[in-house]
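Below is one structure, written out as structure tokens; the observations come after it.
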Amino acid sequence: MTVTLDNLGWDSRFEEAFRQLAQPGWYPARIIRETKINYTVIGQGTGDHDVVLSGKVWNDADSDADLPAVGDWVAVDPGQEGDIPVIRARLPRKTCFSRKAPGKSTAEQVIGANIDIVVIVTDAGEDFNPRRIERYLTLVRKSGADPIVLINKADQTPKGILQEAVDSLRSLAPNLPVHPISARKRKGYPDILALVPSGLTITIVGSSGVGKSTLVNSLLGEEWLDTGDVNAVTGKGRHTTVARELVILPDGGCLIDNPGMREIQMWTDAETLRANFADLSELAAQCKFADCSHGKDAGCAIRAAVGNGTLSQERYEHYMRLDEEIEELVRRSEKRQMTLERVNKRKTREKIRNYEDRRDQRRDRHPNRPC
Ligand SMILES: Nc1nc2c(ncn2[C@@H]2O[C@H](COP(=O)(O)OP(=O)(O)OP(=O)(O)O)[C@@H](O)[C@H]2O)c(=O)[nH]1
Ligand SMILES: [Zn+2]
């Protein structure tokens, strides 16, 4: 597929903003990846290429959130032959998905810019929790994007339970699109694909295990790997071994999938878990000792509630495991590789089936062993 500005999400508003500030020779490009030192962008016919930020854009930014982020449109100055192209300006954003940076700072971190649709994935089984979906909806609304809720694993869910789940989530907000799908069986796809036409940018959020990767892989197919990465600016071809955080879908449209989004999922789930036990946290405040472990300590309000039957043993035990569960959530989330990296790895594995590669790999691993 030849990448055009249109299937990257370019529209008349960006066009106008670009026209007003661009100097002759500058070109518009979209940020597909950022590191601490530079950015990778893609423009019409440019392929992926690295660019740096101009000192002026850096200095003019009032906060980190003002700086270009994945999904942003920027005006790039190619400079002279052999120069690294420079970002001269960031175009105003349509939407902005952000969260407060971790730690004490109040700084806002932009996770994805210009996202049109946030696809919230859940299932009608273990993951089902309308409160969690409400948390996502709040984040989505704040960003300016539109939400779609997909209830995955419809193939393994009894019809009645599925319908109840659909009804209950539809009642969360007027006109909220809620679709049962099966990512595994590729059912319900026309709904999604019709909602993600060329030029829209989506991102996918949802708890670990609900089927996000399965969905992403089937949306992307394998085609996205062949983006013909010859850089029209530098003229050099380059392998994209580094994971992109914004990929172009086979039918146009873009997907933003990055570690920041993963954290949103993790924190939303941790918050939901804690909120489920808000009443017990209140009870805990009544324990005699502030550092009560709710085990054998004297004056424990939680043990007392179990004793007099107002709190079930099962719920008490679950509460005691909550921190562990949250830790596990963080671990799983950290372990989770970017879907795109995973697809890349699969491709690498295929290559290794080739004998030559296998031999090279062996040589790399055991340089002293004869092949
Ligand atoms: N029955 C059924 N299983 C599914 C479906 N979609 C995904 N799964 C299974 O659910 C499990 C988790 O799927 P993933 O796609 O890895 O889920 P994820 O949301 O990406 O999970 P994390 O990577 O942990 O965030 C896998 O075993 C999938 O095969 C579906 O539509 N139906
Ligand atoms: Zn206690």
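Identifiers for the structure tokens are assigned positionally: chains receive A, B, ... in sequence, residues are indexed from 1 per chain, and ligands are indexed from 1 in the order shown.
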
Go through the chains and note each residue within 6 Å of ligand 2, using only C-alpha atoms and all ligand atoms, then give the set as a PDB file with C-alpha atoms, in the first residue's frame.
ATOM      1  CA  ALA A 284      -9.593  -0.715  57.942  1.00  0.00           C
ATOM      2  CA  CYS A 287      -8.688  -0.738  63.197  1.00  0.00           C
ATOM      3  CA  CYS A 292      -2.864  -3.192  61.390  1.00  0.00           C
ATOM      4  CA  SER A 293      -2.181  -6.205  59.174  1.00  0.00           C
ATOM      5  CA  HIS A 294      -5.753  -7.468  59.684  1.00  0.00           C
ATOM      6  CA  CYS A 300      -8.881  -5.242  64.058  1.00  0.00           C
ATOM      7  CA  ALA A 301     -12.168  -3.938  62.655  1.00  0.00           C
ATOM      8  CA  ILE A 302     -11.978  -6.213  59.633  1.00  0.00           C
TER       9      ILE A 302
END

Just want the 12 Å neighbourhood of A:Trp10, counted on only C-alpha atoms, with same-chain residues fewer than 3 positions away dropped. Output as an mmCIF file with C-alpha atoms, in the first residue's frame.
data_model
loop_
_atom_site.group_PDB
_atom_site.id
_atom_site.type_symbol
_atom_site.label_atom_id
_atom_site.label_comp_id
_atom_site.auth_asym_id
_atom_site.auth_seq_id
_atom_site.Cartn_x
_atom_site.Cartn_y
_atom_site.Cartn_z
ATOM 1 C CA VAL A 3 0.944 5.673 2.173
ATOM 2 C CA THR A 4 -0.922 8.879 1.472
ATOM 3 C CA LEU A 5 -1.601 11.828 3.755
ATOM 4 C CA ASP A 6 -5.267 10.806 3.666
ATOM 5 C CA ASN A 7 -4.778 7.360 5.103
ATOM 6 C CA ARG A 13 -7.881 21.524 9.474
ATOM 7 C CA PHE A 14 -4.330 20.199 9.549
ATOM 8 C CA GLU A 15 -3.866 21.381 5.973
ATOM 9 C CA GLU A 16 -4.894 24.905 6.932
ATOM 10 C CA ALA A 17 -2.688 24.951 10.029
ATOM 11 C CA PHE A 18 0.249 23.676 8.007
ATOM 12 C CA PRO A 28 3.852 17.486 6.879
ATOM 13 C CA ALA A 29 4.566 14.215 8.686
ATOM 14 C CA ARG A 30 3.041 12.194 11.478
ATOM 15 C CA ILE A 42 6.146 9.194 8.204
ATOM 16 C CA GLY A 43 4.836 11.499 5.501
ATOM 17 C CA GLN A 44 3.403 11.050 2.048
ATOM 18 C CA GLY A 71 0.168 10.661 16.679
ATOM 19 C CA ASP A 72 1.012 14.349 16.312
ATOM 20 C CA TRP A 73 1.296 16.062 12.962
ATOM 21 C CA VAL A 74 4.428 18.132 12.568
ATOM 22 C CA LEU A 91 0.222 21.289 14.377
ATOM 23 C CA ARG A 93 -4.221 18.586 18.034
ATOM 24 C CA LYS A 94 -7.683 17.250 17.288
ATOM 25 C CA ASN A 114 -5.117 12.797 17.285
ATOM 26 C CA SER A 198 -9.402 5.018 5.977
ATOM 27 C CA GLY A 199 -7.978 8.020 7.714
ATOM 28 C CA LEU A 200 -9.234 7.398 11.238
ATOM 29 C CA THR A 201 -6.853 6.696 14.076
ATOM 30 C CA GLY A 252 -5.982 2.814 5.668
ATOM 31 C CA GLY A 253 -6.488 4.287 9.072
ATOM 32 C CA CYS A 254 -3.941 4.094 11.865
#

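The contact shell of ligand 1, defined as all polymer residues within 7 Å when only C-alpha atoms and all ligand atoms are used, comprises Asn152, Lys153, Ala154, Asp155, Gln156, Ile181, Ser182, Ala183, Arg184, Lys185, Gly206, Ser207, Ser208, Gly209, Val210, Gly211, Lys212, Ser213, Thr214, Leu215, Arg332, Ser333 and Arg336 of chain A.
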
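Residue nearest A:Ile256, chosen from A:Ile204, A:Val51, A:Ala275, A:Leu329 and counting only C-alpha atoms: A:Ile204.
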
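The closest residue to A:Gln23, picked from A:Asp48, A:Asp77, A:Asp116, A:Glu282 and counting only C-alpha atoms, is A:Asp77.
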
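Across the model, the gap from atom CA of A:Leu53 to atom CA of A:Ile84 is 10.1 Å.
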
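Of the listed residues (A:Pro92, A:Gly55, A:Pro68, A:Pro177), A:Pro177 comes nearest to A:Asp146; the distances count only C-alpha atoms.
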
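Atom CA of A:Ile37 is positioned 7.6 Å from atom CA of A:Val52.
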
**Study point:** Every residue of stretch 98-131 of chain A that DSSP places in strand (DSSP E or B), as number ranges by chain
**Key:** A: 98-100, 108-113, 117-123

Go ahead and write the selection's residues with N, CA and C atoms as a short mmCIF file (atom, residue, chain, number, x, y, z; two decimals), in the first residue's frame.
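Result file selection_29.cif:
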data_model
loop_
_atom_site.label_atom_id
_atom_site.label_comp_id
_atom_site.auth_asym_id
_atom_site.auth_seq_id
_atom_site.Cartn_x
_atom_site.Cartn_y
_atom_site.Cartn_z
N SER A 98 -4.07 11.69 27.46
CA SER A 98 -2.93 11.95 28.34
C SER A 98 -3.20 11.41 29.73
N ARG A 99 -2.14 11.36 30.51
CA ARG A 99 -2.35 11.04 31.91
C ARG A 99 -1.27 11.74 32.72
N LYS A 100 -1.56 11.90 34.00
CA LYS A 100 -0.59 12.54 34.88
C LYS A 100 0.62 11.63 34.95
N GLU A 108 1.64 16.48 32.90
CA GLU A 108 0.78 15.68 32.05
C GLU A 108 1.64 15.03 30.97
N GLN A 109 1.40 13.72 30.75
CA GLN A 109 2.14 13.01 29.71
C GLN A 109 1.18 12.72 28.58
N VAL A 110 1.56 13.05 27.36
CA VAL A 110 0.68 12.74 26.24
C VAL A 110 1.02 11.33 25.74
N ILE A 111 0.02 10.47 25.72
CA ILE A 111 0.23 9.08 25.33
C ILE A 111 -0.07 8.88 23.86
N GLY A 112 -1.05 9.59 23.37
CA GLY A 112 -1.38 9.49 21.94
C GLY A 112 -2.14 10.73 21.52
N ALA A 113 -1.72 11.32 20.40
CA ALA A 113 -2.40 12.53 19.92
C ALA A 113 -3.22 12.19 18.68
N ILE A 117 -10.81 7.25 17.62
CA ILE A 117 -11.65 6.25 18.28
C ILE A 117 -10.84 5.42 19.26
N VAL A 118 -11.34 5.31 20.48
CA VAL A 118 -10.71 4.40 21.44
C VAL A 118 -11.59 3.16 21.53
N VAL A 119 -11.02 2.02 21.15
CA VAL A 119 -11.74 0.76 21.18
C VAL A 119 -11.50 0.15 22.56
N ILE A 120 -12.58 0.02 23.33
CA ILE A 120 -12.46 -0.56 24.67
C ILE A 120 -12.87 -2.02 24.57
N VAL A 121 -11.94 -2.93 24.86
CA VAL A 121 -12.25 -4.36 24.73
C VAL A 121 -12.46 -4.96 26.12
N THR A 122 -13.52 -5.75 26.22
CA THR A 122 -13.77 -6.48 27.46
C THR A 122 -14.35 -7.84 27.08
N ASP A 123 -14.70 -8.65 28.07
CA ASP A 123 -15.47 -9.85 27.76
C ASP A 123 -16.63 -9.95 28.74
#

Counting only C-alpha atoms, give me one row per residue of stretch 260-302 of chain A with an atom at most 8 Å from an atom of stretch 129-132 of chain A, showing the shortest contact pair and its distance in Å to one decimal, sorted by chain then residue number, as a tab-separated table.
residue	atom	partner	partner_atom	distance
A:Thr268	CA	A:Arg132	CA	6.9
A:Asp269	CA	A:Arg132	CA	6.9
A:Thr272	CA	A:Arg132	CA	5.8

Exercise for review: Could you give me, as a ChimeraX atom specification, the residues within 10 Å of A:Trp58, counting only C-alpha atoms and dropping anything in the same chain fewer than 6 positions from it?
Suggested key: /A:64,66-68,87-89

Practice item. Mind listing the helix (DSSP H, G or I) residues of stretch 23-172 of chain A, per DSSP on the backbone, as a count of residues only? Key: 38

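As for atom CA of A:Pro85 and atom CA of A:His49, they are spaced 8.8 Å apart.
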
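Among A:Pro147, A:Pro180, A:Gly188, A:Pro24, the residue with the shortest atom-to-atom distance to A:Gln163, counting only C-alpha atoms, is A:Pro180.
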
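With only C-alpha atoms as the atoms that count, the minimum distance from A:Gly25 to the choices A:Gly9, A:Gly79, A:Gly309, A:Pro174 is reached by A:Gly79.
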